[in-house]
file query-v4.pdb (PDB, C-alpha atoms)
ATOM      1  CA  MET M 825      28.400 -27.158 -79.560
ATOM      2  CA  GLN M 826      30.308 -25.602 -76.682
ATOM      3  CA  MET M 827      28.668 -22.836 -74.557
ATOM      4  CA  PHE M 828      31.142 -21.001 -72.291
ATOM      5  CA  GLY M 829      33.234 -24.150 -72.016
ATOM      6  CA  ILE M 830      30.253 -26.362 -71.152
ATOM      7  CA  ASP M 831      28.989 -29.072 -73.431
ATOM      8  CA  SER M 832      25.335 -28.311 -74.018
ATOM      9  CA  ARG M 833      24.621 -32.002 -74.572
ATOM     10  CA  LYS M 834      25.761 -32.752 -70.996
ATOM     11  CA  ALA M 835      24.147 -29.710 -69.320
ATOM     12  CA  THR M 836      21.443 -30.624 -66.831
ATOM     13  CA  THR M 837      18.022 -29.208 -67.593
ATOM     14  CA  PHE M 838      14.912 -28.976 -65.362
ATOM     15  CA  PRO M 839      11.409 -29.614 -66.595
ATOM     16  CA  ALA M 840       9.346 -26.481 -67.022
ATOM     17  CA  TYR M 841       6.788 -27.555 -64.420
ATOM     18  CA  VAL M 842       9.518 -27.876 -61.756
ATOM     19  CA  VAL M 843      10.769 -24.344 -62.404
ATOM     20  CA  SER M 844       7.212 -23.003 -62.364
ATOM     21  CA  GLY M 845       6.505 -24.767 -59.089
ATOM     22  CA  LEU M 846       9.601 -23.331 -57.415
ATOM     23  CA  LEU M 847       8.733 -19.820 -58.572
ATOM     24  CA  LEU M 848       5.162 -20.193 -57.316
ATOM     25  CA  LEU M 849       6.397 -21.423 -53.930
ATOM     26  CA  LEU M 850       8.745 -18.451 -53.548
ATOM     27  CA  PHE M 851       5.961 -16.053 -54.523
ATOM     28  CA  VAL M 852       3.474 -17.517 -52.025
ATOM     29  CA  ARG M 853       6.065 -17.463 -49.244
ATOM     30  CA  HIS M 854       6.995 -13.872 -49.947
ATOM     31  CA  SER M 855       3.347 -12.860 -50.123
ATOM     32  CA  SER M 856       2.541 -14.535 -46.806
ATOM     33  CA  GLN M 857       5.417 -12.715 -45.125
ATOM     34  CA  GLN M 858       4.428  -9.315 -46.477
ATOM     35  CA  SER M 859       0.631  -9.417 -46.518
ATOM     36  CA  ASP M 860       0.184  -8.517 -42.863
ATOM     37  CA  TYR M 861       2.129  -5.313 -43.371
ATOM     38  CA  ASN M 862       2.531  -3.830 -46.843
ATOM     39  CA  ASP M 863      -0.876  -4.857 -48.210
ATOM     40  CA  TYR M 864      -2.834  -3.467 -45.259
ATOM     41  CA  MET M 865      -0.844  -0.493 -44.070
ATOM     42  CA  LYS M 866      -3.066   2.591 -43.707
ATOM     43  CA  ARG M 867      -1.442   5.943 -44.265
ATOM     44  CA  GLU M 868      -4.262   7.868 -42.573
ATOM     45  CA  HIS M 869      -3.346   6.367 -39.177
ATOM     46  CA  SER M 870       0.430   6.428 -39.701
ATOM     47  CA  LEU M 871       3.129   8.991 -39.014
ATOM     48  CA  PHE M 872       6.620   8.856 -40.495
ATOM     49  CA  LYS M 873       9.281  11.040 -42.098
ATOM     50  CA  PRO M 874       9.012  13.489 -43.679
ATOM     51  CA  TYR M 875       6.432  14.744 -41.196
ATOM     52  CA  GLN M 876       5.648  18.180 -42.575
ATOM     53  CA  GLY M 877       2.677  18.885 -44.741
ATOM     54  CA  SER M 878       1.822  22.386 -45.901
ATOM     55  CA  GLY M 879       3.037  24.968 -43.411
ATOM     56  CA  MET M 880       3.285  23.641 -39.837
ATOM     57  CA  THR M 881       0.610  20.977 -40.209
ATOM     58  CA  ILE M 882       1.108  17.203 -40.164
ATOM     59  CA  PRO M 883      -1.220  15.230 -42.434
ATOM     60  CA  TYR M 884      -3.884  13.360 -40.420
ATOM     61  CA  TRP M 885      -2.450  14.516 -37.052
ATOM     62  CA  ASP M 886      -3.042  17.354 -34.575
ATOM     63  CA  PHE M 887      -0.727  18.294 -31.745
ATOM     64  CA  ILE M 888      -1.119  20.329 -28.543
ATOM     65  CA  GLY M 889       0.882  21.512 -25.544
ATOM     66  CA  THR M 890       4.664  21.527 -25.754
ATOM     67  CA  THR M 891       4.745  19.215 -28.783
ATOM     68  CA  PHE M 892       6.971  20.376 -31.619
ATOM     69  CA  VAL M 893       8.128  18.803 -34.865
ATOM     70  CA  THR M 894      11.663  18.506 -36.255
ATOM     71  CA  ASN M 895      13.041  16.709 -39.284
ATOM     72  CA  SER M 896      13.979  13.693 -37.142
ATOM     73  CA  TYR M 897      11.308  13.351 -34.461
ATOM     74  CA  VAL M 898       8.106  14.665 -32.918
ATOM     75  CA  ARG M 899       8.941  15.769 -29.372
ATOM     76  CA  LEU M 900       6.049  15.571 -26.926
ATOM     77  CA  THR M 901       7.989  17.135 -24.038
ATOM     78  CA  PRO M 902      11.470  18.585 -23.715
ATOM     79  CA  ASP M 903      13.753  17.703 -20.797
ATOM     80  CA  LEU M 904      12.241  20.474 -18.665
ATOM     81  CA  GLN M 905       9.974  20.472 -15.620
ATOM     82  CA  SER M 906       6.173  20.819 -15.734
ATOM     83  CA  LYS M 907       5.635  20.228 -19.454
ATOM     84  CA  ASN M 908       3.010  18.171 -21.279
ATOM     85  CA  GLY M 909       2.270  17.536 -24.916
ATOM     86  CA  ALA M 910       0.296  15.228 -27.159
ATOM     87  CA  ILE M 911      -0.271  14.250 -30.768
ATOM     88  CA  TRP M 912      -3.590  12.808 -31.952
ATOM     89  CA  ASN M 913      -4.767  11.215 -35.158
ATOM     90  CA  HIS M 914      -7.956  12.894 -36.387
ATOM     91  CA  VAL M 915      -9.235   9.927 -38.445
ATOM     92  CA  PRO M 916     -11.355   7.407 -36.454
ATOM     93  CA  CYS M 917     -10.252   3.796 -36.735
ATOM     94  CA  THR M 918     -12.786   1.548 -38.480
ATOM     95  CA  SER M 919     -10.635  -1.610 -38.401
ATOM     96  CA  ILE M 920     -11.701  -4.391 -36.038
ATOM     97  CA  ASN M 921      -8.265  -6.023 -35.933
ATOM     98  CA  TRP M 922      -5.160  -3.874 -36.129
ATOM     99  CA  GLU M 923      -1.508  -3.477 -35.261
ATOM    100  CA  LEU M 924       0.336  -0.326 -34.251
ATOM    101  CA  GLN M 925       4.136  -0.150 -34.411
ATOM    102  CA  VAL M 926       5.698   2.850 -32.683
ATOM    103  CA  ASN M 927       9.338   3.874 -32.867
ATOM    104  CA  PHE M 928      10.121   6.143 -29.910
ATOM    105  CA  LYS M 929      12.944   7.524 -27.804
ATOM    106  CA  VAL M 930      12.977   8.540 -24.126
ATOM    107  CA  HIS M 931      16.166  10.247 -22.987
ATOM    108  CA  GLY M 932      17.471  13.004 -20.768
ATOM    109  CA  LYS M 933      20.212  14.360 -18.537
ATOM    110  CA  GLY M 934      18.983  12.694 -15.346
ATOM    111  CA  LYS M 935      21.016   9.736 -14.127
ATOM    112  CA  ASP M 936      19.046   8.558 -11.103
ATOM    113  CA  LEU M 937      15.915  10.724 -11.102
ATOM    114  CA  TYR M 938      13.853  11.258 -14.264
ATOM    115  CA  GLY M 939      10.275  11.042 -15.448
ATOM    116  CA  ASP M 940       7.505  10.725 -15.902
ATOM    117  CA  GLY M 941       6.918   8.714 -19.090
ATOM    118  CA  PHE M 942       4.365   8.681 -21.886
ATOM    119  CA  ALA M 943       1.235   6.866 -23.018
ATOM    120  CA  LEU M 944      -0.098   5.542 -26.311
ATOM    121  CA  TRP M 945      -3.857   5.822 -26.682
ATOM    122  CA  TYR M 946      -6.792   4.286 -28.497
ATOM    123  CA  SER M 947      -9.474   6.525 -27.038
ATOM    124  CA  ARG M 948     -12.914   7.958 -27.736
ATOM    125  CA  ASP M 949     -11.870  11.492 -26.743
ATOM    126  CA  ARG M 950      -8.917  13.260 -28.292
ATOM    127  CA  LEU M 951      -6.979  16.480 -27.666
ATOM    128  CA  GLN M 952      -8.023  16.627 -24.014
ATOM    129  CA  THR M 953      -5.264  17.345 -21.526
ATOM    130  CA  GLY M 954      -5.260  15.815 -18.074
ATOM    131  CA  PRO M 955      -3.269  14.119 -15.302
ATOM    132  CA  VAL M 956      -2.703  10.723 -16.975
ATOM    133  CA  PHE M 957       0.614  11.289 -18.720
ATOM    134  CA  GLY M 958      -0.705  14.473 -20.260
ATOM    135  CA  SER M 959      -4.215  13.247 -21.163
ATOM    136  CA  LYS M 960      -7.591  13.091 -19.449
ATOM    137  CA  ASP M 961      -8.501  10.680 -16.664
ATOM    138  CA  ASN M 962     -11.633   8.490 -16.724
ATOM    139  CA  PHE M 963     -11.113   7.986 -20.444
ATOM    140  CA  MET M 964     -12.922   5.544 -22.714
ATOM    141  CA  GLY M 965     -10.654   3.079 -24.497
ATOM    142  CA  LEU M 966      -7.147   1.633 -24.219
ATOM    143  CA  ALA M 967      -3.954   3.145 -22.796
ATOM    144  CA  ILE M 968      -0.509   1.597 -23.146
ATOM    145  CA  ILE M 969       1.586   3.333 -20.496
ATOM    146  CA  LEU M 970       5.375   3.517 -20.606
ATOM    147  CA  ASP M 971       6.168   4.661 -17.078
ATOM    148  CA  THR M 972       9.729   5.659 -16.186
ATOM    149  CA  TYR M 973       9.315   6.694 -12.540
ATOM    150  CA  SER M 974       8.055   4.640  -9.599
ATOM    151  CA  ASN M 975       5.583   6.474  -7.351
ATOM    152  CA  HIS M 976       4.459   3.333  -5.501
ATOM    153  CA  ASN M 977       5.882   2.846  -2.013
ATOM    154  CA  GLY M 978       4.379  -0.590  -1.449
ATOM    155  CA  PRO M 979       6.124  -3.854  -2.277
ATOM    156  CA  HIS M 980       6.858  -3.697  -6.008
ATOM    157  CA  ASN M 981       7.315  -6.915  -7.932
ATOM    158  CA  HIS M 982       8.944  -5.072 -10.817
ATOM    159  CA  GLN M 983      11.394  -2.326 -11.630
ATOM    160  CA  HIS M 984      10.951   0.799 -13.729
ATOM    161  CA  PRO M 985      10.741   1.667 -16.594
ATOM    162  CA  TYR M 986       7.581  -0.392 -16.910
ATOM    163  CA  ILE M 987       4.993  -0.940 -19.677
ATOM    164  CA  SER M 988       1.380  -1.598 -18.698
ATOM    165  CA  ALA M 989      -2.064  -1.651 -20.304
ATOM    166  CA  MET M 990      -5.291  -0.168 -18.995
ATOM    167  CA  VAL M 991      -8.760  -0.622 -20.487
ATOM    168  CA  ASN M 992     -11.325   1.894 -19.274
ATOM    169  CA  ASN M 993     -15.074   2.322 -19.741
ATOM    170  CA  GLY M 994     -14.950   5.825 -18.282
ATOM    171  CA  SER M 995     -15.511   4.779 -14.671
ATOM    172  CA  LEU M 996     -11.906   4.071 -13.662
ATOM    173  CA  SER M 997      -9.365   6.610 -12.452
ATOM    174  CA  TYR M 998      -5.642   6.153 -12.929
ATOM    175  CA  ASP M 999      -3.917   6.241  -9.527
ATOM    176  CA  HIS M1000      -0.421   7.699  -9.882
ATOM    177  CA  ASP M1001       0.408   6.907  -6.258
ATOM    178  CA  ARG M1002       0.015   3.212  -7.074
ATOM    179  CA  ASP M1003       1.449   3.515 -10.614
ATOM    180  CA  GLY M1004      -1.942   2.363 -11.901
ATOM    181  CA  THR M1005      -1.493  -1.153 -10.523
ATOM    182  CA  HIS M1006      -5.120  -1.487  -9.379
ATOM    183  CA  THR M1007      -6.441  -0.905 -12.919
ATOM    184  CA  GLN M1008      -3.789  -2.436 -15.167
ATOM    185  CA  ILE M1009      -4.617  -5.639 -17.026
ATOM    186  CA  ALA M1010      -0.963  -6.666 -17.573
ATOM    187  CA  GLY M1011       2.559  -5.294 -17.726
ATOM    188  CA  CYS M1012       6.272  -5.986 -18.067
ATOM    189  CA  GLU M1013       9.623  -4.393 -17.271
ATOM    190  CA  ALA M1014      11.257  -2.654 -20.218
ATOM    191  CA  LYS M1015      14.628  -0.896 -20.235
ATOM    192  CA  PHE M1016      13.956   1.631 -22.958
ATOM    193  CA  ARG M1017      15.419   4.855 -21.530
ATOM    194  CA  ASN M1018      18.726   6.453 -22.608
ATOM    195  CA  VAL M1019      19.790   3.793 -25.100
ATOM    196  CA  GLU M1020      21.757   4.576 -28.249
ATOM    197  CA  PHE M1021      19.646   2.549 -30.692
ATOM    198  CA  ASP M1022      16.022   2.555 -31.850
ATOM    199  CA  THR M1023      13.393   1.446 -29.337
ATOM    200  CA  GLN M1024      10.073   0.151 -30.637
ATOM    201  CA  ILE M1025       6.778  -1.149 -29.309
ATOM    202  CA  ASN M1026       4.215  -3.206 -31.209
ATOM    203  CA  ILE M1027       0.571  -3.170 -30.043
ATOM    204  CA  ARG M1028      -1.451  -5.931 -31.707
ATOM    205  CA  TYR M1029      -5.218  -6.217 -31.231
ATOM    206  CA  GLU M1030      -6.656  -9.266 -32.973
ATOM    207  CA  ASN M1031      -9.812 -11.270 -32.269
ATOM    208  CA  ASP M1032     -10.248  -9.619 -28.838
ATOM    209  CA  VAL M1033      -6.678 -10.509 -27.836
ATOM    210  CA  LEU M1034      -4.285  -7.698 -26.922
ATOM    211  CA  THR M1035      -0.590  -8.513 -27.311
ATOM    212  CA  VAL M1036       2.251  -6.093 -26.767
ATOM    213  CA  PHE M1037       5.738  -6.740 -28.120
ATOM    214  CA  THR M1038       8.948  -4.733 -27.773
ATOM    215  CA  ASP M1039      12.216  -4.413 -29.651
ATOM    216  CA  LEU M1040      14.537  -2.792 -27.109
ATOM    217  CA  GLU M1041      17.779  -4.702 -27.632
ATOM    218  CA  ASN M1042      18.697  -3.672 -31.184
ATOM    219  CA  LYS M1043      18.045  -7.211 -32.466
ATOM    220  CA  ALA M1044      15.319  -6.376 -35.015
ATOM    221  CA  THR M1045      13.057  -9.014 -33.429
ATOM    222  CA  TRP M1046       9.859  -8.650 -31.425
ATOM    223  CA  LYS M1047       9.838  -9.894 -27.814
ATOM    224  CA  GLU M1048       6.484 -10.500 -26.161
ATOM    225  CA  CYS M1049       5.785  -8.196 -23.232
ATOM    226  CA  PHE M1050       2.319  -9.503 -22.356
ATOM    227  CA  ARG M1051      -0.772 -11.097 -23.880
ATOM    228  CA  VAL M1052      -4.335 -10.620 -22.599
ATOM    229  CA  GLU M1053      -7.467 -12.324 -23.880
ATOM    230  CA  GLY M1054     -11.022 -11.045 -23.549
ATOM    231  CA  VAL M1055     -10.322  -7.400 -24.392
ATOM    232  CA  LYS M1056     -13.267  -5.673 -26.067
ATOM    233  CA  LEU M1057     -12.570  -2.476 -27.988
ATOM    234  CA  PRO M1058     -15.026  -0.633 -30.218
ATOM    235  CA  THR M1059     -14.286   0.859 -33.601
ATOM    236  CA  GLY M1060     -14.429   4.586 -34.218
ATOM    237  CA  TYR M1061     -11.865   5.621 -31.589
ATOM    238  CA  TYR M1062      -8.678   7.632 -32.148
ATOM    239  CA  PHE M1063      -4.973   6.892 -31.792
ATOM    240  CA  GLY M1064      -2.725   9.278 -29.919
ATOM    241  CA  ALA M1065       0.405   9.735 -27.819
ATOM    242  CA  SER M1066       0.938  12.033 -24.859
ATOM    243  CA  ALA M1067       3.633  12.724 -22.272
ATOM    244  CA  THR M1068       4.163  14.797 -19.160
ATOM    245  CA  THR M1069       6.928  15.954 -16.840
ATOM    246  CA  GLY M1070       6.657  17.193 -13.252
ATOM    247  CA  ASP M1071       9.495  17.867 -10.834
ATOM    248  CA  LEU M1072      11.416  15.291 -12.890
ATOM    249  CA  SER M1073      11.797  15.460 -16.661
ATOM    250  CA  ASP M1074      12.885  13.728 -19.873
ATOM    251  CA  ASN M1075      12.680  14.162 -23.621
ATOM    252  CA  HIS M1076       9.785  12.053 -24.965
ATOM    253  CA  ASP M1077      10.113  11.622 -28.734
ATOM    254  CA  ILE M1078       7.969   9.830 -31.308
ATOM    255  CA  ILE M1079       9.976   8.795 -34.379
ATOM    256  CA  SER M1080       7.257   6.974 -36.309
ATOM    257  CA  ILE M1081       3.824   5.379 -35.975
ATOM    258  CA  LYS M1082       2.787   2.706 -38.457
ATOM    259  CA  PHE M1083      -0.732   1.290 -38.517
ATOM    260  CA  PHE M1084      -1.618  -2.051 -40.123
ATOM    261  CA  GLU M1085      -5.102  -3.390 -40.659
ATOM    262  CA  LEU M1086      -5.358  -7.117 -39.953
ATOM    263  CA  GLU M1087      -7.945  -9.380 -41.506
ATOM    264  CA  ALA M1088     -10.960 -10.056 -39.307
ATOM    265  CA  PRO M1089     -12.856 -13.393 -39.355
ATOM    266  CA  SER M1090     -16.524 -13.340 -40.238
ATOM    267  CA  LEU M1091     -17.511 -13.826 -36.577
ATOM    268  CA  LEU M1092     -16.035 -10.422 -35.788
ATOM    269  CA  ALA M1093     -17.211  -8.743 -38.971
ATOM    270  CA  GLU M1094     -19.944  -6.914 -37.092
ATOM    271  CA  ASP M1095     -20.821  -3.386 -36.091
ATOM    272  CA  ARG M1096     -18.635  -2.721 -33.055
ATOM    273  CA  ARG M1097     -19.097   1.029 -32.853
ATOM    274  CA  GLN M1098     -21.398   0.891 -29.828
ATOM    275  CA  ILE M1099     -19.689  -1.710 -27.634
ATOM    276  CA  VAL M1100     -18.213  -0.533 -24.323
ATOM    277  CA  PRO M1101     -14.460  -1.023 -23.760
ATOM    278  CA  SER M1102     -13.872  -3.846 -21.300
ATOM    279  CA  ALA M1103     -11.340  -6.421 -20.138
ATOM    280  CA  ALA M1104     -12.148  -9.836 -18.715
ATOM    281  CA  THR M1105      -9.322  -9.768 -16.154
ATOM    282  CA  PHE M1106      -7.283  -7.291 -14.136
ATOM    283  CA  GLU M1107      -4.055  -7.826 -12.265
ATOM    284  CA  ALA M1108      -4.358  -7.906  -8.478
ATOM    285  CA  PRO M1109      -3.528  -4.508  -6.972
ATOM    286  CA  ARG M1110      -0.650  -4.129  -4.559
ATOM    287  CA  GLU M1111      -1.164  -2.591  -1.139
ATOM    288  CA  HIS M1112      -0.261   1.087  -0.952
ATOM    289  CA  LYS M1113       1.916   2.391   1.879
ATOM    290  CA  ASP M1114       2.308   5.982   2.953
ATOM    291  CA  ASP M1115       5.565   7.745   2.268
ATOM    292  CA  PRO M1116       8.113   7.075   5.031
ATOM    293  CA  LYS M1117       8.943  10.099   7.144
ATOM    294  CA  PRO M1118      12.250  11.458   5.900
ATOM    295  CA  GLY M1119      15.162  11.218   8.336
ATOM    296  CA  MET M1120      17.465  14.099   9.109
ATOM    297  CA  SER M1121      20.313  14.691   6.728
ATOM    298  CA  ASN M1122      23.935  14.903   7.864
ATOM    299  CA  VAL M1123      23.857  18.673   7.408
ATOM    300  CA  LYS M1124      20.858  18.996   9.680
ATOM    301  CA  ILE M1125      22.502  16.777  12.285
ATOM    302  CA  PHE M1126      25.683  18.887  12.149
ATOM    303  CA  PHE M1127      23.824  22.153  12.680
ATOM    304  CA  LEU M1128      21.768  20.596  15.469
ATOM    305  CA  ILE M1129      24.946  19.520  17.299
ATOM    306  CA  LEU M1130      26.509  22.924  16.691
ATOM    307  CA  LEU M1131      23.433  24.682  18.072
ATOM    308  CA  SER M1132      23.443  22.433  21.138
ATOM    309  CA  MET M1133      27.121  23.215  21.790
ATOM    310  CA  LEU M1134      26.467  26.964  21.474
ATOM    311  CA  ILE M1135      23.601  26.711  23.955
ATOM    312  CA  VAL M1136      25.850  24.815  26.380
ATOM    313  CA  VAL M1137      28.610  27.425  26.006
ATOM    314  CA  VAL M1138      26.158  30.270  26.601
ATOM    315  CA  LEU M1139      24.779  28.533  29.701
ATOM    316  CA  VAL M1140      28.304  27.964  31.044
ATOM    317  CA  VAL M1141      29.235  31.607  30.496
ATOM    318  CA  ILE M1142      26.051  32.756  32.213
ATOM    319  CA  GLY M1143      26.747  30.353  35.073
ATOM    320  CA  ILE M1144      30.286  31.659  35.507
ATOM    321  CA  MET M1145      29.121  35.272  35.460
ATOM    322  CA  PHE M1146      26.401  34.497  38.007
ATOM    323  CA  TYR M1147      28.928  32.710  40.239
ATOM    324  CA  GLN M1148      31.393  35.605  40.081
ATOM    325  CA  LYS M1149      28.638  38.106  40.898
ATOM    326  CA  HIS M1150      27.545  35.970  43.820
ATOM    327  CA  GLN M1151      31.120  35.783  45.176
ATOM    328  CA  GLU M1152      31.559  39.544  44.858
ATOM    329  CA  ASN M1153      28.384  40.205  46.833
ATOM    330  CA  ALA M1154      29.507  37.770  49.520
ATOM    331  CA  ARG M1155      32.833  39.593  50.010
ATOM    332  CA  LYS M1156      31.066  42.957  50.352
ATOM    333  CA  ARG M1157      28.881  41.626  53.138
ATOM    334  CA  PHE M1158      31.926  40.180  54.901
ATOM    335  CA  TYR M1159      33.678  43.577  55.014
TER     336      TYR M1159
END
call {"tool": "encode", "arguments": {"input": "query-v4.pdb", "output": "structure tokens"}}
result
Amino acid sequence: MQMFGIDSRKATTFPAYVVSGLLLLLFVRHSSQQSDYNDYMKREHSLFKPYQGSGMTIPYWDFIGTTFVTNSYVRLTPDLQSKNGAIWNHVPCTSINWELQVNFKVHGKGKDLYGDGFALWYSRDRLQTGPVFGSKDNFMGLAIILDTYSNHNGPHNHQHPYISAMVNNGSLSYDHDRDGTHTQIAGCEAKFRNVEFDTQINIRYENDVLTVFTDLENKATWKECFRVEGVKLPTGYYFGASATTGDLSDNHDIISIKFFELEAPSLLAEDRRQIVPSAATFEAPREHKDDPKPGMSNVKIFFLILLSMLIVVVLVVIGIMFYQKHQENARKRFY
């Protein structure tokens, strides 16, 4: 019998157990690739389009300050001076191990001067404004800071924009003059401003190890920014994002936030609600130097020279007038 021009007696057949084995292998491989994400994604800690719930609310999220919502993004600050805004999840995180993927965009009109940046939070206190990129100082928890402007006048060993991590038990203050270098646990340079494609950051906290990855080159692959062991974070804190502008400004947009719960080994399957945030190591701080005294601009120099010349001219005129008066008096005495 011929089937589509092929002799069925010569057609090669595979035993049923071989086919079953191949199908099982493909299924296991696919499951292993997807389990970390699809199976454990938690909607109550995530934010993605469409954002709107009923009215102007966003399910599971609150926002304050200059934050406003569009169909395409959540804007924490517009490209205007002296603005700050934040968005906070109102469901406490009960997962011991987790991963947070954030799609964001920082952009603006400034070419050389812009700022200040934004921060991603896992913090005990939420919806509290303050000087640390729009949120409170002396916080409890973790801050991932995406800083776009360098305030530090000492010897930098990196350029900006810069991503750093800070773990705080409430006793540490973020020092803007030093760009937080005396309290950061790690950091890396990251060129994420004013690019035409999606920029993403991945914060992974697993078995007391904090790892931050970025995808800033439109390659759809994660690149490790830094990895720090010995980071202790409690459960029951809140995720958030905040931004601020001062004399310099930028648009700070959040496109999406996706939270994934990671499996925790039995050794970590404990009540971690009462532990204090801590990190085993900190990077060495860099020495701070005062701002250099600004030199005179060319305009100031020009006006200074012009003023000096006018003073000289006035003195010469006065001298000539005095000389002429003196000569006139001398002639009168002579006659």
call {"tool": "atom_distance", "arguments": {"input": "query-v4.pdb", "atom1": "CA of Ile1009 in chain M", "atom2": "CA of Ser988 in chain M"}}
result
7.4 Å
call {"tool": "resolve_selection", "arguments": {"input": "query-v4.pdb", "expression": "the PyMOL selection byres ((chain M and resi 1103-1107) around 8)", "output": "short mmCIF file (atom, residue, chain, number, x, y, z; two decimals) with C-alpha atoms, in the frame of the given file"}}
result
data_model
loop_
_atom_site.label_atom_id
_atom_site.label_comp_id
_atom_site.auth_asym_id
_atom_site.auth_seq_id
_atom_site.Cartn_x
_atom_site.Cartn_y
_atom_site.Cartn_z
CA VAL M 991 -8.76 -0.62 -20.49
CA THR M 1005 -1.49 -1.15 -10.52
CA HIS M 1006 -5.12 -1.49 -9.38
CA THR M 1007 -6.44 -0.90 -12.92
CA GLN M 1008 -3.79 -2.44 -15.17
CA ILE M 1009 -4.62 -5.64 -17.03
CA ALA M 1010 -0.96 -6.67 -17.57
CA GLU M 1053 -7.47 -12.32 -23.88
CA GLY M 1054 -11.02 -11.04 -23.55
CA VAL M 1055 -10.32 -7.40 -24.39
CA LYS M 1056 -13.27 -5.67 -26.07
CA PRO M 1101 -14.46 -1.02 -23.76
CA SER M 1102 -13.87 -3.85 -21.30
CA ALA M 1108 -4.36 -7.91 -8.48
CA PRO M 1109 -3.53 -4.51 -6.97
#
call {"tool": "residues_around", "arguments": {"input": "query-v4.pdb", "residues": "range 965-974 of chain M", "least_positions_apart": "3", "cutoff": "7 Å", "atoms": "all atoms listed in the file", "output": "list in words"}}
result
Tyr938, Gly939, Asp940, Gly941, Phe942, Ala943, Leu944, Trp945, Tyr946, Ser947, Arg948, His984, Pro985, Tyr986, Ile987, Ser988, Ala989, Met990, Val991, Asn992, Asn993, Asp1003, Leu1057 and Pro1101 of chain M
call {"tool": "residues_around", "arguments": {"input": "query-v4.pdb", "residues": "Glu1085 in chain M", "least_positions_apart": "2", "cutoff": "8 Å", "atoms": "all atoms listed in the file", "output": "PyMOL selection string"}}
result
chain M and resi 860-861+864-866+919+921-923+1083+1087
call {"tool": "closest_residue", "arguments": {"input": "query-v4.pdb", "among": "M:Gly932, M:Gly1064, M:Gly1011, M:Gly994", "to": "Gln952 in chain M", "atoms": "all atoms listed in the file"}}
result
M:Gly1064
call {"tool": "residues_around", "arguments": {"input": "query-v4.pdb", "residues": "Gln925 in chain M", "least_positions_apart": "5", "cutoff": "10 Å", "atoms": "all atoms listed in the file", "output": "PDB file with C-alpha atoms, in the frame of the given file"}}
result
ATOM      1  CA  SER M 870       0.430   6.428 -39.701  1.00  0.00           C
ATOM      2  CA  GLN M1024      10.073   0.151 -30.637  1.00  0.00           C
ATOM      3  CA  ILE M1025       6.778  -1.149 -29.309  1.00  0.00           C
ATOM      4  CA  ASN M1026       4.215  -3.206 -31.209  1.00  0.00           C
ATOM      5  CA  ILE M1027       0.571  -3.170 -30.043  1.00  0.00           C
ATOM      6  CA  ARG M1028      -1.451  -5.931 -31.707  1.00  0.00           C
ATOM      7  CA  VAL M1036       2.251  -6.093 -26.767  1.00  0.00           C
ATOM      8  CA  PHE M1037       5.738  -6.740 -28.120  1.00  0.00           C
ATOM      9  CA  THR M1038       8.948  -4.733 -27.773  1.00  0.00           C
ATOM     10  CA  SER M1080       7.257   6.974 -36.309  1.00  0.00           C
ATOM     11  CA  ILE M1081       3.824   5.379 -35.975  1.00  0.00           C
ATOM     12  CA  LYS M1082       2.787   2.706 -38.457  1.00  0.00           C
ATOM     13  CA  PHE M1083      -0.732   1.290 -38.517  1.00  0.00           C
ATOM     14  CA  PHE M1084      -1.618  -2.051 -40.123  1.00  0.00           C
TER      15      PHE M1084
END
call {"tool": "resolve_selection", "arguments": {"input": "query-v4.pdb", "expression": "the PyMOL selection byres ((chain M and resi 887) around 10)", "output": "MDAnalysis selection string"}}
result
chainID M and resid 881:882 885:886 888:893 898 900 909:913 951 1064:1066
call {"tool": "resolve_selection", "arguments": {"input": "query-v4.pdb", "expression": "the PyMOL selection byres ((chain M and resi 1096) around 10)", "output": "ChimeraX atom specification"}}
result
/M:918-920,1056-1060,1092-1095,1097-1100
call {"tool": "atom_distance", "arguments": {"input": "query-v4.pdb", "atom1": "CA of Tyr884 in chain M", "atom2": "CA of Ile1078 in chain M"}}
result
15.4 Å
call {"tool": "residues_around", "arguments": {"input": "query-v4.pdb", "residues": "Phe1021 in chain M", "least_positions_apart": "5", "cutoff": "12 Å", "atoms": "all atoms listed in the file", "output": "list in words"}}
result
Asn927, Phe928, Lys929, Val930, His931, Phe1016, Asp1039, Leu1040, Glu1041, Asn1042, Lys1043 and Ala1044 of chain M
call {"tool": "write_last_selection", "arguments": {"input": "query-v4.pdb", "atoms": "C-alpha atoms", "output": "PDB file, keeping the file's coordinate frame"}}
result
ATOM      1  CA  ASN M 927       9.338   3.874 -32.867  1.00  0.00           C
ATOM      2  CA  PHE M 928      10.121   6.143 -29.910  1.00  0.00           C
ATOM      3  CA  LYS M 929      12.944   7.524 -27.804  1.00  0.00           C
ATOM      4  CA  VAL M 930      12.977   8.540 -24.126  1.00  0.00           C
ATOM      5  CA  HIS M 931      16.166  10.247 -22.987  1.00  0.00           C
ATOM      6  CA  PHE M1016      13.956   1.631 -22.958  1.00  0.00           C
ATOM      7  CA  ASP M1039      12.216  -4.413 -29.651  1.00  0.00           C
ATOM      8  CA  LEU M1040      14.537  -2.792 -27.109  1.00  0.00           C
ATOM      9  CA  GLU M1041      17.779  -4.702 -27.632  1.00  0.00           C
ATOM     10  CA  ASN M1042      18.697  -3.672 -31.184  1.00  0.00           C
ATOM     11  CA  LYS M1043      18.045  -7.211 -32.466  1.00  0.00           C
ATOM     12  CA  ALA M1044      15.319  -6.376 -35.015  1.00  0.00           C
TER      13      ALA M1044
END
